[in-house]
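J.: Here's a structure for you.
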Amino acid sequence: MNKSKKTSAASFNPEEHSHRRYNPLRAEWVLVSPHRSTRPWQGQQEDSARPAEVMHDAGCYLCPGNQRVNGERNPVYDGPFVFTNDFAALQEEERIQSRTPHSLLLNQPVRGTSRVICYSPHHSRTLPQMSVDSINQLVDCWSQQLIELSATYQWVQIFENKGSVMGCSNPHPHGQIWAMDQLPTEAQKEEQNLLQYHNQYRSNLLLDYVKTEIELDQRIIEKSNEWVALVPYWAIWPFELLLVPINPARHLDDLSAAQKSDLALILKKITSRYDNLFQCSFPYSMGWHGQPFNKETNHHWQLHAHFYPPLLRSATIKKHMVGFEMLAEPQRDITPEQAAEKLRNCDPIHYLETKI
Ligand code: H2U
Ligand code: ZN
């Protein structure tokens with residue numbers, strides 16, 4: 001036995017030493033290596049030449065009045081505009097399960113629909129550059145879509161892929177809504193873990209978590225009377241954010257007037273901080289998670305949005321989920337606390353907006 005090894009165990013400081021953090025929403029771990037982030041910060045800002053504002057682009061499939069790929073013409077819309085995706089990933093027809101040749105070859109038919117949501121008629125104005133009024137209209141639109149689709153489908157996934165690095169195919173600011181009759185994998189994980197916590201503690205996991213984060217105030221980026229945006233303790237992506245109402249709300253269609261009126265502004269502020277970090281249009285995938293529409297009481301659910309941005313050190317240097325991450329578990333160098341500090345040091349007013 002190597003005694004020297006045993007006696008040399010030093011005290012553990014999570015700000016310096018490698019450790020793992022637990023994500024209670026997914027029941028998964030992330031490896032954190034803070035000692036590696038003491039390497040010099042090479043965050044460089046790209047050429048911050050003011051990008052041209054384009055109100056309307058004749059060649060854009062999503063601009064008002066233009067023709068889409070399949071020949072259909074968009075109306076001359078003046079707020080958010082929703083249409084069924086011309087290349088929908090989900091189909092509305094019901095199919096009957098057929099036998100598969102072996103229990104290892106499982107499949108199941110799925111019913112659903114995919115929609116595209118153009119945020120506004122403006123071709124180049126992304127979320128942080130939209131007016132609070134215009135973001136409010138988007139929030140209303142999300143909520144109406146939820147009400148409509150939840151009558152048929154159990155899970156309504158509202159999301160946005162922003163930036164070509166995230167695979168976004170069109171610069172006109174838009175998101176998507178995919179609704180389906182079953183819980184997709186990520187929703188199923190949250191459902192299971194939120195329910196287990198609720199059964200064990202008779203309390204809501206996310207409400208408890210937000211309360212703790214407000215008390216600690218180490219990872220919070222923005223806080224209003226009704227919402228908090230923070231880098232979660234278990235974040236995987238360098239500048240990942242979780243946006244949660246402080247008081248109960250099960251989904252976007254369940255917001256109180258106060259929660260609703262605060263949401264547009266906090267969305268504008270956090271996405272502006274993102275753009276300001278590297279003075280670029282900050283790419284991300286974001287989306288809303290809320291209660292499934294399964295006619296249960298769902299006391300264990302609390303509405304929240306995840307922001308998963310890939311950038312690490314500059315407008316072009318992104319984190320790659322490869323190697324150890326693909327084969328073992330996600331890993332990060334910059335700690336969530338360091339990331340939170342960098343985002344907190346950014347202005348909540350967009351760098352292209354003139355300060356008054
Ligand atoms: P992303 O760029 O976030 O992938 O979304 C754009 C979606 O818009 C994409 O799924 C759809 C594509 O199928 N689309 C149409 O439905 N019609 C068009 O004319 C252009 C793009
Ligand atoms: Zn456009």
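Here's how to read the names in the structure tokens: chain A, B, ... by the order shown, residue numbers from 1 in each chain, ligand numbers from 1 in the order shown.
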With the cut-off set at 6 Å and counting only C-alpha atoms and all ligand atoms, tabulate each residue of chain A with an atom at most that distance from an atom of ligand 2, showing the nearest atom pair and its distance in Å to one decimal, ordered by chain and increasing number, as a Markdown table.
T.:
| residue | atom | partner | partner_atom_place_in_ligand_line | distance |
| --- | --- | --- | --- | --- |
| A:His56 | CA | ligand 2 | 1 (Zn) | 5.7 |
| A:Asp57 | CA | ligand 2 | 1 (Zn) | 5.3 |
| A:Cys60 | CA | ligand 2 | 1 (Zn) | 4.6 |
| A:Leu62 | CA | ligand 2 | 1 (Zn) | 4.8 |
| A:Cys63 | CA | ligand 2 | 1 (Zn) | 3.6 |
| A:His123 | CA | ligand 2 | 1 (Zn) | 3.9 |
| A:His172 | CA | ligand 2 | 1 (Zn) | 4.4 |
J.: Would you save the residues from that selection as a PDB file, in the first residue's frame, using N, CA, C and O atoms?
T.:
ATOM      1  N   HIS A  56     -35.532  44.993 -44.857  1.00  0.00           N
ATOM      2  CA  HIS A  56     -36.180  44.013 -45.717  1.00  0.00           C
ATOM      3  C   HIS A  56     -35.165  43.510 -46.732  1.00  0.00           C
ATOM      4  O   HIS A  56     -34.418  44.299 -47.306  1.00  0.00           O
ATOM      5  N   ASP A  57     -35.123  42.183 -46.941  1.00  0.00           N
ATOM      6  CA  ASP A  57     -34.194  41.608 -47.910  1.00  0.00           C
ATOM      7  C   ASP A  57     -35.030  40.844 -48.944  1.00  0.00           C
ATOM      8  O   ASP A  57     -35.719  39.868 -48.601  1.00  0.00           O
ATOM      9  N   CYS A  60     -34.869  37.062 -48.996  1.00  0.00           N
ATOM     10  CA  CYS A  60     -35.078  36.301 -47.748  1.00  0.00           C
ATOM     11  C   CYS A  60     -36.416  35.563 -47.790  1.00  0.00           C
ATOM     12  O   CYS A  60     -37.449  36.156 -48.077  1.00  0.00           O
ATOM     13  N   LEU A  62     -38.041  34.582 -45.328  1.00  0.00           N
ATOM     14  CA  LEU A  62     -38.868  34.851 -44.158  1.00  0.00           C
ATOM     15  C   LEU A  62     -39.387  36.293 -44.083  1.00  0.00           C
ATOM     16  O   LEU A  62     -40.243  36.599 -43.261  1.00  0.00           O
ATOM     17  N   CYS A  63     -38.879  37.182 -44.920  1.00  0.00           N
ATOM     18  CA  CYS A  63     -39.325  38.582 -44.870  1.00  0.00           C
ATOM     19  C   CYS A  63     -40.791  38.716 -45.322  1.00  0.00           C
ATOM     20  O   CYS A  63     -41.272  37.917 -46.134  1.00  0.00           O
ATOM     21  N   HIS A 123     -35.656  42.445 -40.861  1.00  0.00           N
ATOM     22  CA  HIS A 123     -34.785  41.358 -41.314  1.00  0.00           C
ATOM     23  C   HIS A 123     -33.511  41.178 -40.483  1.00  0.00           C
ATOM     24  O   HIS A 123     -32.958  40.073 -40.419  1.00  0.00           O
ATOM     25  N   HIS A 172     -32.746  36.015 -40.915  1.00  0.00           N
ATOM     26  CA  HIS A 172     -33.935  36.728 -40.417  1.00  0.00           C
ATOM     27  C   HIS A 172     -34.288  36.160 -39.039  1.00  0.00           C
ATOM     28  O   HIS A 172     -34.536  34.954 -38.914  1.00  0.00           O
TER      29      HIS A 172
END
J.: Could you pull out the residues sitting within 10 Å of ligand 1, using only C-alpha atoms and all ligand atoms, and write them as an MDAnalysis selection string?
T.: chainID A and resid 60:63 66:74 83:89 114:118 159:164 166:177 285
J.: Only C-alpha atoms, please: the residues just picked out, written as a CSV table (one decimal), in the first residue's frame.
T.:
chain,number,residue,atom,x,y,z
A,60,CYS,CA,-35.1,36.3,-47.7
A,61,TYR,CA,-37.6,33.5,-47.5
A,62,LEU,CA,-38.9,34.9,-44.2
A,63,CYS,CA,-39.3,38.6,-44.9
A,66,ASN,CA,-41.7,37.3,-49.9
A,67,GLN,CA,-42.1,33.9,-51.5
A,68,ARG,CA,-40.9,30.9,-49.5
A,69,VAL,CA,-39.0,27.9,-50.9
A,70,ASN,CA,-42.2,26.0,-51.6
A,71,GLY,CA,-43.8,28.9,-53.5
A,72,GLU,CA,-46.1,30.1,-50.8
A,73,ARG,CA,-46.1,33.8,-50.1
A,74,ASN,CA,-45.7,35.3,-46.6
A,83,PHE,CA,-46.2,29.3,-40.3
A,84,THR,CA,-46.0,25.5,-40.6
A,85,ASN,CA,-42.4,24.5,-41.5
A,86,ASP,CA,-42.3,23.7,-45.2
A,87,PHE,CA,-39.9,20.9,-44.3
A,88,ALA,CA,-41.5,19.8,-41.0
A,89,ALA,CA,-39.7,17.3,-38.9
A,114,SER,CA,-43.2,21.9,-36.7
A,115,ARG,CA,-43.7,25.7,-37.0
A,116,VAL,CA,-41.5,28.6,-37.8
A,117,ILE,CA,-41.9,31.9,-35.9
A,118,CYS,CA,-40.5,35.0,-37.5
A,159,PHE,CA,-36.8,27.2,-29.3
A,160,GLU,CA,-34.4,29.4,-31.2
A,161,ASN,CA,-31.1,28.5,-33.0
A,162,LYS,CA,-29.2,31.7,-33.4
A,163,GLY,CA,-26.2,32.1,-35.7
A,164,SER,CA,-24.8,30.0,-38.5
A,166,MET,CA,-25.6,26.7,-34.4
A,167,GLY,CA,-26.9,25.6,-37.8
A,168,CYS,CA,-29.3,28.4,-38.2
A,169,SER,CA,-30.2,28.5,-41.9
A,170,ASN,CA,-31.5,32.1,-42.3
A,171,PRO,CA,-30.4,35.4,-40.8
A,172,HIS,CA,-33.9,36.7,-40.4
A,173,PRO,CA,-34.5,36.5,-36.6
A,174,HIS,CA,-36.8,33.5,-36.1
A,175,GLY,CA,-37.4,30.6,-33.8
A,176,GLN,CA,-39.2,27.3,-34.1
A,177,ILE,CA,-42.0,25.4,-32.3
A,285,SER,CA,-29.6,27.6,-28.8
J.: Separation of CA of Ile317 (chain A) and CA of Phe278 (chain A), in Å?
T.: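 CA of Phe278 (chain A) lies 10.5 Å from CA of Ile317 (chain A).
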J.: Can you tell me how far CA of Leu127 (chain A) sits from CA of Leu149 (chain A), in Å to one decimal?
T.: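 Straight-line distance from CA of Leu127 (chain A) to CA of Leu149 (chain A) works out to 23.7 Å.
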J.: I want to know what sits within 12 Å of Pro109 (chain A), based on only C-alpha atoms, with residues of the same chain fewer than 4 positions away left out; could you give that as a ChimeraX atom specification?
T.: /A:90-100,180-182
J.: Skipping near chain neighbours, those fewer than 5 positions away, what residues fall within 12 Å of Arg20 (chain A) using only C-alpha atoms, listed as a VMD selection string?
T.: chain A and resid 14 to 15 28 to 34 233 to 236 329 to 333 335
J.: Calculated over only C-alpha atoms, which of the candidates A:Arg125, A:Gln145, A:Asn193, A:Pro64 has the smallest distance to Asn23 (chain A)?
T.: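 So, comparing all the options, the nearest one is A:Asn193.
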J.: What lies within 8 Å of Glu337 (chain A) using only C-alpha atoms, ignoring chain neighbours under 3 positions off, as a list in words?
T.: Gln218, Arg219, Val231, Tyr233, Ala340 and Glu341 of chain A
J.: Create the file for the chosen residues now, containing N, CA and C atoms and written as a PDB file, in the first residue's frame.
T.:
ATOM      1  N   GLN A 218     -23.925  34.543  -6.290  1.00  0.00           N
ATOM      2  CA  GLN A 218     -22.600  34.345  -6.903  1.00  0.00           C
ATOM      3  C   GLN A 218     -22.699  34.151  -8.415  1.00  0.00           C
ATOM      4  N   ARG A 219     -23.846  33.684  -8.871  1.00  0.00           N
ATOM      5  CA  ARG A 219     -23.967  33.291 -10.277  1.00  0.00           C
ATOM      6  C   ARG A 219     -25.084  34.046 -10.992  1.00  0.00           C
ATOM      7  N   VAL A 231     -26.031  31.814 -14.272  1.00  0.00           N
ATOM      8  CA  VAL A 231     -25.234  30.721 -14.823  1.00  0.00           C
ATOM      9  C   VAL A 231     -25.413  29.561 -13.845  1.00  0.00           C
ATOM     10  N   TYR A 233     -25.123  26.391 -11.458  1.00  0.00           N
ATOM     11  CA  TYR A 233     -23.998  25.757 -10.752  1.00  0.00           C
ATOM     12  C   TYR A 233     -23.413  24.603 -11.569  1.00  0.00           C
ATOM     13  N   ALA A 340     -20.085  33.927 -14.794  1.00  0.00           N
ATOM     14  CA  ALA A 340     -21.108  34.858 -14.301  1.00  0.00           C
ATOM     15  C   ALA A 340     -20.497  36.246 -14.092  1.00  0.00           C
ATOM     16  N   GLU A 341     -19.285  36.273 -13.560  1.00  0.00           N
ATOM     17  CA  GLU A 341     -18.636  37.561 -13.325  1.00  0.00           C
ATOM     18  C   GLU A 341     -18.403  38.312 -14.638  1.00  0.00           C
TER      19      GLU A 341
END
J.: Would you work out the distance separating CA of Leu25 (chain A) from CA of Leu194 (chain A), expressed in Å to one decimal?
T.: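 One can read the CA of Leu25 (chain A) to CA of Leu194 (chain A) distance as 6.7 Å.
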